[in-house]
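What follows is a set of notes on a single structure, which appears directly below.
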Amino acid sequence: MAKVLCILYPDPETGYPPRYARDAIPVISGYANGHTALTPKALGFKPGELVGSVSGELGLRSYLEKLGHQLVVTSDKEGPDSEFDRHLPDAEVVISQPFWPAYLTAERIAKAKKLKLALTAGIGSDHVDLEVAARNQITVAEVTGSNSISVAEHVVMMVLSLVRNYLPSHEYAVKGGWDTADCVARSYDIEGMHFGTIAAERIGLAVLRRLKPFGLQLHYTDPHRLSPDLEEELGVTYHPDALSLVKAVDIINLEMPLYPSTEHFFDDKIFAQVKRGTYLINTARGKLVDRDAVVRALQTGQLAGYAGDVWYPQPAPKDHPWRTMPHNGMTPHISGTSLSVQARYAAGILEILQRFYEGTPIRDEYLIVDGGALEGTGARSYKLT
């Protein structure tokens, strides 16, 4: 019998929905990157249900218990007396989420003598020390592609919300006001603006595709340049580096991976290079930006707005300055965990576990670390220091 330790975000404070807003969700058979959708056997949940929180258990209990394994699900992940730390030494599999990351540090991995598989229910495995995992022959995998379009949709929403000053305008309406001049004093059209994405892989490319019809001038930078045909199709301008891009655009979108060389990439020095009144969108990782530099840039007007779905640490403390800084459109890392997405990443986790316990290879696109090295998506997205 093996122990599977699953760390998920807490259930709704108001209780589980007695009834969902919709009776069903669309069936997605494939992803924009050409990969087919997930194909596990015997889902333990109904697509469209809330399975990403503790009581939902990603729908895994029935499958694992039939195999004789123990499933421990908790949201308690901080400190030496947490449920996570108490169960970790006996765990063969650890499942975590980028939205509620259980950080698998070198110290924790050293205590996890039985750990063979670390899974991310979603996309992004930077909460795992990949170098230490590789040295310890721990396989790291994530459900690549499961929420790329979801995050791209969230980016488009944030762009429009910031530039059109939607959030303050909505607040005026809720409070009974009709403050038209106040609402439009910071409201602009995005048509004709210059939009740039730093990284144009799955999510960045999906954002460019979705914003093209809005009449923006599109820009991107990425270590792997898009094909000439695709650049022509999108009408997008390539920049050799991020500094060239940020000087040229009105709206910046961050999609780059987080590793030591990109930590706090956006600091006071970079903000001094952007146009005054630039908007910054970040659905990648909170540590890509210097926390206090963002606040300063908003206070001085160098940034006209910052919309972020990612924080550091997560969950963010109640006194985190991003909660109260001016002209922000922050959300608590929800872009990649809609009910539609949960059906996909829960199915993906089940598929990976089935392959792991059946001794069949995990899909290459799901792999981050395997056999002591970066593999699959990991080899294309991460670096070992």
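Chains: A, B, ... in order of the structure tokens. Residues: from 1 per chain. Ligands: from 1, in order shown.
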
- Message: Among region 282-372 of chain A, which ones does DSSP assign to helix (DSSP H, G or I) (computed from the backbone)? Answer as a ChimeraX atom specification.
- Response: /A:286-288,291-300,321-323,339-358,364-366

For the residues selected in the previous step, produce a file with N, CA, C and O atoms as a compact mmCIF listing (two decimals), in the first residue's frame.
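What landed in again-v3.txt:
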```txt
# COMPACT_ATOMS: atom_id res chain seq x y z
N GLY A 286 4.42 35.30 -9.38
CA GLY A 286 4.55 36.54 -8.63
C GLY A 286 5.97 37.01 -8.49
O GLY A 286 6.25 38.22 -8.50
N LYS A 287 6.92 36.08 -8.37
CA LYS A 287 8.30 36.46 -8.14
C LYS A 287 9.02 36.94 -9.39
O LYS A 287 10.19 37.30 -9.34
N LEU A 288 8.33 36.99 -10.52
CA LEU A 288 8.92 37.60 -11.71
C LEU A 288 9.07 39.10 -11.55
O LEU A 288 9.84 39.74 -12.27
N ARG A 291 8.07 43.02 -5.72
CA ARG A 291 6.80 43.39 -5.09
C ARG A 291 6.68 44.90 -4.89
O ARG A 291 5.71 45.54 -5.31
N ASP A 292 7.67 45.49 -4.22
CA ASP A 292 7.58 46.90 -3.86
C ASP A 292 7.84 47.82 -5.05
O ASP A 292 7.34 48.95 -5.09
N ALA A 293 8.60 47.34 -6.04
CA ALA A 293 8.82 48.14 -7.25
C ALA A 293 7.51 48.33 -8.01
O ALA A 293 7.28 49.40 -8.60
N VAL A 294 6.65 47.31 -8.02
CA VAL A 294 5.34 47.44 -8.65
C VAL A 294 4.53 48.54 -7.96
O VAL A 294 3.92 49.39 -8.63
N VAL A 295 4.52 48.52 -6.64
CA VAL A 295 3.77 49.52 -5.88
C VAL A 295 4.29 50.92 -6.21
O VAL A 295 3.51 51.85 -6.48
N ARG A 296 5.60 51.09 -6.22
CA ARG A 296 6.18 52.41 -6.52
C ARG A 296 5.83 52.87 -7.92
O ARG A 296 5.52 54.06 -8.14
N ALA A 297 5.88 51.95 -8.88
CA ALA A 297 5.58 52.32 -10.26
C ALA A 297 4.13 52.77 -10.42
O ALA A 297 3.83 53.67 -11.23
N LEU A 298 3.22 52.17 -9.69
CA LEU A 298 1.82 52.59 -9.73
C LEU A 298 1.62 53.93 -9.03
O LEU A 298 0.86 54.78 -9.48
N GLN A 299 2.32 54.13 -7.93
CA GLN A 299 2.17 55.38 -7.18
C GLN A 299 2.69 56.57 -7.97
O GLN A 299 2.14 57.67 -7.89
N THR A 300 3.76 56.37 -8.75
CA THR A 300 4.33 57.46 -9.54
C THR A 300 3.63 57.66 -10.87
O THR A 300 3.83 58.68 -11.53
N PRO A 321 0.88 44.37 0.11
CA PRO A 321 0.59 45.69 -0.46
C PRO A 321 -0.12 45.65 -1.80
O PRO A 321 -0.74 46.64 -2.21
N TRP A 322 -0.07 44.54 -2.51
CA TRP A 322 -0.77 44.46 -3.79
C TRP A 322 -2.28 44.46 -3.62
O TRP A 322 -3.01 44.74 -4.57
N ARG A 323 -2.75 44.17 -2.43
CA ARG A 323 -4.21 44.17 -2.21
C ARG A 323 -4.77 45.59 -2.23
O ARG A 323 -5.94 45.79 -2.54
N LEU A 339 -14.06 25.85 -13.26
CA LEU A 339 -14.67 24.52 -13.21
C LEU A 339 -14.40 23.75 -14.50
O LEU A 339 -14.25 22.52 -14.48
N SER A 340 -14.32 24.45 -15.62
CA SER A 340 -14.00 23.79 -16.88
C SER A 340 -12.59 23.20 -16.83
O SER A 340 -12.35 22.06 -17.25
N VAL A 341 -11.65 24.00 -16.32
CA VAL A 341 -10.27 23.54 -16.24
C VAL A 341 -10.12 22.37 -15.27
O VAL A 341 -9.38 21.42 -15.52
N GLN A 342 -10.81 22.45 -14.14
CA GLN A 342 -10.67 21.40 -13.13
C GLN A 342 -10.99 20.03 -13.70
O GLN A 342 -10.35 19.03 -13.35
N ALA A 343 -11.97 19.98 -14.59
CA ALA A 343 -12.30 18.70 -15.22
C ALA A 343 -11.11 18.17 -16.00
O ALA A 343 -10.86 16.95 -16.03
N ARG A 344 -10.33 19.07 -16.61
CA ARG A 344 -9.20 18.64 -17.42
C ARG A 344 -7.99 18.28 -16.57
O ARG A 344 -7.35 17.25 -16.79
N TYR A 345 -7.65 19.14 -15.60
CA TYR A 345 -6.44 18.79 -14.85
C TYR A 345 -6.67 17.64 -13.87
O TYR A 345 -5.76 16.87 -13.60
N ALA A 346 -7.90 17.48 -13.38
CA ALA A 346 -8.18 16.31 -12.55
C ALA A 346 -8.11 15.03 -13.39
O ALA A 346 -7.57 14.01 -12.94
N ALA A 347 -8.65 15.08 -14.61
CA ALA A 347 -8.55 13.93 -15.51
C ALA A 347 -7.09 13.63 -15.84
O ALA A 347 -6.68 12.47 -15.93
N GLY A 348 -6.29 14.69 -16.02
CA GLY A 348 -4.88 14.49 -16.32
C GLY A 348 -4.12 13.84 -15.18
O GLY A 348 -3.28 12.95 -15.39
N ILE A 349 -4.41 14.27 -13.95
CA ILE A 349 -3.76 13.65 -12.78
C ILE A 349 -4.13 12.17 -12.70
O ILE A 349 -3.28 11.31 -12.44
N LEU A 350 -5.40 11.86 -12.96
CA LEU A 350 -5.82 10.46 -12.93
C LEU A 350 -5.08 9.66 -14.00
O LEU A 350 -4.60 8.55 -13.75
N GLU A 351 -4.98 10.22 -15.20
CA GLU A 351 -4.27 9.51 -16.27
C GLU A 351 -2.81 9.25 -15.89
O GLU A 351 -2.28 8.15 -16.10
N ILE A 352 -2.13 10.26 -15.34
CA ILE A 352 -0.73 10.09 -14.95
C ILE A 352 -0.59 9.01 -13.88
O ILE A 352 0.30 8.15 -13.95
N LEU A 353 -1.48 9.03 -12.89
CA LEU A 353 -1.43 8.01 -11.84
C LEU A 353 -1.68 6.62 -12.40
O LEU A 353 -1.03 5.64 -12.01
N GLN A 354 -2.63 6.51 -13.32
CA GLN A 354 -2.91 5.21 -13.92
C GLN A 354 -1.68 4.69 -14.66
O GLN A 354 -1.32 3.51 -14.55
N ARG A 355 -1.03 5.55 -15.40
CA ARG A 355 0.18 5.13 -16.12
C ARG A 355 1.30 4.78 -15.14
O ARG A 355 2.03 3.80 -15.35
N PHE A 356 1.42 5.55 -14.08
CA PHE A 356 2.46 5.30 -13.07
C PHE A 356 2.26 3.94 -12.42
O PHE A 356 3.19 3.12 -12.31
N TYR A 357 1.03 3.64 -12.00
CA TYR A 357 0.78 2.38 -11.29
C TYR A 357 0.68 1.18 -12.23
O TYR A 357 0.87 0.04 -11.82
N GLU A 358 0.39 1.44 -13.50
CA GLU A 358 0.37 0.35 -14.47
C GLU A 358 1.74 0.10 -15.09
O GLU A 358 1.92 -0.85 -15.86
N ASP A 364 4.99 12.31 -22.80
CA ASP A 364 6.18 13.17 -22.85
C ASP A 364 5.83 14.61 -22.51
O ASP A 364 6.59 15.29 -21.82
N GLU A 365 4.67 15.09 -22.99
CA GLU A 365 4.33 16.49 -22.75
C GLU A 365 4.02 16.78 -21.29
O GLU A 365 4.01 17.94 -20.86
N TYR A 366 3.74 15.74 -20.50
CA TYR A 366 3.47 15.93 -19.07
C TYR A 366 4.75 15.96 -18.24
O TYR A 366 4.76 16.44 -17.11
```

- Message: Going by DSSP on the backbone, which residues of region 138-375 of chain A come out as strand (DSSP E)? List them as JSON, numbers by chain.
- Response: {"A": [139, 140, 141, 142, 194, 195, 196, 197, 198, 217, 218, 219, 220, 221, 236, 237, 238, 251, 252, 253, 254, 278, 279, 280, 281, 282, 303, 304, 305, 306, 307, 308, 367, 368, 369, 370, 373, 374]}

- With a distance cut-off of 7 Å and only C-alpha atoms, select the neighbouring residues of Thr105 (chain A), excluding the residue or stretch itself and same-chain residues fewer than 3 positions from it, and output the selection as a PyMOL selection string. chain A and resi 108-109+128-129

Same residues, C-alpha atoms, saved as a PDB file, in the first residue's frame:
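out20.pdb written:
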```pdb
ATOM      1  CA  ARG A 108      11.395  18.666   2.438  1.00  0.00           C
ATOM      2  CA  ILE A 109      12.640  16.338  -0.294  1.00  0.00           C
ATOM      3  CA  VAL A 128       9.367  21.860  -6.709  1.00  0.00           C
ATOM      4  CA  ASP A 129      13.161  22.062  -6.397  1.00  0.00           C
TER       5      ASP A 129
END
```

- Nearest-residue call for His327 (chain A), choices A:Ser148, A:Ser381, A:Ser161, A:Gln137, using only C-alpha atoms: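 Answer, going by the shortest atom-to-atom distance: A:Ser161.
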
With region 258-280 of chain A as the partner and 12 Å as the cut-off, tabulate the residues of region 100-172 of chain A that qualify, each row holding the nearest pair of atoms and their distance in Å to one decimal, using only C-alpha atoms, sorted by chain and rising number, as a tab-separated table.
```
residue	atom	partner	partner_atom	distance
A:Gly124	CA	A:Leu258	CA	9.0
A:Ser125	CA	A:Leu258	CA	9.5
A:Asp126	CA	A:Leu258	CA	6.7
A:His127	CA	A:Leu258	CA	9.7
A:Val128	CA	A:Tyr259	CA	11.1
A:Asp129	CA	A:Tyr259	CA	10.2
A:Leu130	CA	A:Tyr259	CA	10.3
A:Glu131	CA	A:Tyr259	CA	11.4
A:Val155	CA	A:Leu280	CA	10.4
A:Met158	CA	A:Leu280	CA	9.6
A:Val159	CA	A:Tyr279	CA	8.0
A:Leu160	CA	A:Tyr279	CA	10.6
A:Ser161	CA	A:Tyr279	CA	10.9
A:Leu162	CA	A:Tyr279	CA	7.6
A:Val163	CA	A:Tyr279	CA	7.7
A:Arg164	CA	A:Tyr279	CA	11.5
A:Asn165	CA	A:Tyr279	CA	11.6
```

Using only C-alpha atoms, which protein or nucleic acid residues come within 10 Å of Arg22 (chain A)? Drop anything in the same chain fewer than 3 positions from it, and give the result as a PDB file with C-alpha atoms, in the first residue's frame.
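Once everything was written out, this is part.pdb:
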```pdb
ATOM      1  CA  ARG A  19     -26.419  23.552  -7.355  1.00  0.00           C
ATOM      2  CA  ILE A  25     -19.494  22.080 -19.641  1.00  0.00           C
ATOM      3  CA  GLY A  48     -18.194  20.743 -14.126  1.00  0.00           C
ATOM      4  CA  GLU A  49     -18.071  19.912 -10.430  1.00  0.00           C
TER       5      GLU A  49
END
```

- Calculate how many Å separate CA of Val184 (chain A) from CA of Ser169 (chain A), rounding to one decimal.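 Taking CA of Val184 (chain A) and CA of Ser169 (chain A), their separation equals 8.2 Å.
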
Per residue of region 109-193 of chain A within 7 Å of region 198-219 of chain A, record the nearest atom pair and its distance in Å to one decimal, counting only C-alpha atoms, with rows in chain order and ascending residue number, as CSV.
```
residue,atom,partner,partner_atom,distance
A:Ser148,CA,A:Ile203,CA,5.1
A:Ile149,CA,A:Ala206,CA,6.5
A:Val151,CA,A:Ile203,CA,6.8
A:Ala152,CA,A:Val207,CA,5.0
A:Val156,CA,A:Val207,CA,7.0
A:Ile190,CA,A:Leu216,CA,6.7
A:Glu191,CA,A:Gly215,CA,5.0
A:Gly192,CA,A:Leu216,CA,4.9
A:Met193,CA,A:Leu216,CA,5.2
```

Would you put the residues from that selection into a file with all heavy atoms, as a PDB file, in the first residue's frame?
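Saved result, selection36.pdb, follows:
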```
ATOM      1  N   SER A 148      -4.104  26.269 -20.529  1.00  0.00           N
ATOM      2  CA  SER A 148      -3.469  27.356 -21.286  1.00  0.00           C
ATOM      3  C   SER A 148      -4.491  28.349 -21.831  1.00  0.00           C
ATOM      4  O   SER A 148      -4.312  29.567 -21.722  1.00  0.00           O
ATOM      5  CB  SER A 148      -2.647  26.777 -22.443  1.00  0.00           C
ATOM      6  OG  SER A 148      -1.620  25.938 -21.972  1.00  0.00           O
ATOM      7  N   ILE A 149      -5.555  27.851 -22.438  1.00  0.00           N
ATOM      8  CA  ILE A 149      -6.566  28.738 -23.010  1.00  0.00           C
ATOM      9  C   ILE A 149      -7.302  29.483 -21.902  1.00  0.00           C
ATOM     10  O   ILE A 149      -7.632  30.665 -22.048  1.00  0.00           O
ATOM     11  CB  ILE A 149      -7.554  27.950 -23.889  1.00  0.00           C
ATOM     12  CG1 ILE A 149      -6.807  27.250 -25.028  1.00  0.00           C
ATOM     13  CG2 ILE A 149      -8.641  28.868 -24.435  1.00  0.00           C
ATOM     14  CD1 ILE A 149      -5.973  28.168 -25.895  1.00  0.00           C
ATOM     15  N   VAL A 151      -6.095  30.517 -19.047  1.00  0.00           N
ATOM     16  CA  VAL A 151      -5.254  31.631 -18.607  1.00  0.00           C
ATOM     17  C   VAL A 151      -5.247  32.727 -19.669  1.00  0.00           C
ATOM     18  O   VAL A 151      -5.304  33.922 -19.351  1.00  0.00           O
ATOM     19  CB  VAL A 151      -3.831  31.147 -18.286  1.00  0.00           C
ATOM     20  CG1 VAL A 151      -2.940  32.318 -17.894  1.00  0.00           C
ATOM     21  CG2 VAL A 151      -3.852  30.108 -17.169  1.00  0.00           C
ATOM     22  N   ALA A 152      -5.181  32.341 -20.930  1.00  0.00           N
ATOM     23  CA  ALA A 152      -5.200  33.334 -22.009  1.00  0.00           C
ATOM     24  C   ALA A 152      -6.494  34.156 -21.968  1.00  0.00           C
ATOM     25  O   ALA A 152      -6.467  35.381 -22.159  1.00  0.00           O
ATOM     26  CB  ALA A 152      -5.051  32.646 -23.365  1.00  0.00           C
ATOM     27  N   VAL A 156      -6.912  38.361 -21.416  1.00  0.00           N
ATOM     28  CA  VAL A 156      -7.732  39.273 -22.220  1.00  0.00           C
ATOM     29  C   VAL A 156      -8.693  40.043 -21.325  1.00  0.00           C
ATOM     30  O   VAL A 156      -8.874  41.271 -21.478  1.00  0.00           O
ATOM     31  CB  VAL A 156      -8.490  38.497 -23.316  1.00  0.00           C
ATOM     32  CG1 VAL A 156      -9.467  39.411 -24.056  1.00  0.00           C
ATOM     33  CG2 VAL A 156      -7.507  37.872 -24.298  1.00  0.00           C
ATOM     34  N   ILE A 190      -8.476  49.994 -26.317  1.00  0.00           N
ATOM     35  CA  ILE A 190      -7.238  49.267 -26.600  1.00  0.00           C
ATOM     36  C   ILE A 190      -6.920  49.274 -28.091  1.00  0.00           C
ATOM     37  O   ILE A 190      -5.787  48.999 -28.479  1.00  0.00           O
ATOM     38  CB  ILE A 190      -7.281  47.817 -26.071  1.00  0.00           C
ATOM     39  CG1 ILE A 190      -8.347  46.980 -26.783  1.00  0.00           C
ATOM     40  CG2 ILE A 190      -7.468  47.789 -24.574  1.00  0.00           C
ATOM     41  CD1 ILE A 190      -8.251  45.493 -26.465  1.00  0.00           C
ATOM     42  N   GLU A 191      -7.886  49.591 -28.933  1.00  0.00           N
ATOM     43  CA  GLU A 191      -7.642  49.638 -30.371  1.00  0.00           C
ATOM     44  C   GLU A 191      -6.498  50.589 -30.683  1.00  0.00           C
ATOM     45  O   GLU A 191      -6.471  51.741 -30.222  1.00  0.00           O
ATOM     46  CB  GLU A 191      -8.898  50.086 -31.109  1.00  0.00           C
ATOM     47  CG  GLU A 191      -8.750  50.081 -32.621  1.00  0.00           C
ATOM     48  CD  GLU A 191     -10.009  50.549 -33.316  1.00  0.00           C
ATOM     49  OE1 GLU A 191     -10.873  51.156 -32.652  1.00  0.00           O
ATOM     50  OE2 GLU A 191     -10.125  50.319 -34.542  1.00  0.00           O
ATOM     51  N   GLY A 192      -5.527  50.109 -31.438  1.00  0.00           N
ATOM     52  CA  GLY A 192      -4.399  50.931 -31.828  1.00  0.00           C
ATOM     53  C   GLY A 192      -3.239  50.912 -30.846  1.00  0.00           C
ATOM     54  O   GLY A 192      -2.144  51.386 -31.176  1.00  0.00           O
ATOM     55  N   MET A 193      -3.461  50.397 -29.642  1.00  0.00           N
ATOM     56  CA  MET A 193      -2.366  50.300 -28.683  1.00  0.00           C
ATOM     57  C   MET A 193      -1.387  49.202 -29.104  1.00  0.00           C
ATOM     58  O   MET A 193      -1.708  48.328 -29.910  1.00  0.00           O
ATOM     59  CB  MET A 193      -2.897  50.008 -27.278  1.00  0.00           C
ATOM     60  CG  MET A 193      -3.523  51.192 -26.578  1.00  0.00           C
ATOM     61  SD  MET A 193      -3.850  50.829 -24.825  1.00  0.00           S
ATOM     62  CE  MET A 193      -4.375  52.442 -24.244  1.00  0.00           C
TER      63      MET A 193
END
```

- A straight line from CA of Val51 (chain A) to CA of Asn253 (chain A) spans 29.3 Å

- Query: Any idea what's packed within 7 Å of Leu254 (chain A), counting only C-alpha atoms, ignoring anything in its chain fewer than 2 positions away? Could you give it as a list in words?
  - Reply: Thr197, Ile198, Ile252, Met256, Ile281, Asn282, Thr283 and Ala284 of chain A

- Which of these residues is nearest to Ala307 (chain A), using only C-alpha atoms: A:Lys77, A:Lys383, A:Lys66, A:His333? A:His333

- Message: Quick one: residues within 6 Å of Val369 (chain A), only C-alpha atoms, excluding same-chain residues fewer than 4 positions away - as a ChimeraX atom specification?
- Response: /A:139-140,373-375

- Excluding Pro89 (chain A) and any residue of its chain fewer than 3 positions from it, enumerate the residues within 9 Å of it, using only C-alpha atoms, and give them as a PyMOL selection string. chain A and resi 85-86+92+108-115

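Coordinates place CA of His69 (chain A) at a distance of 17.0 Å from CA of Leu43 (chain A).
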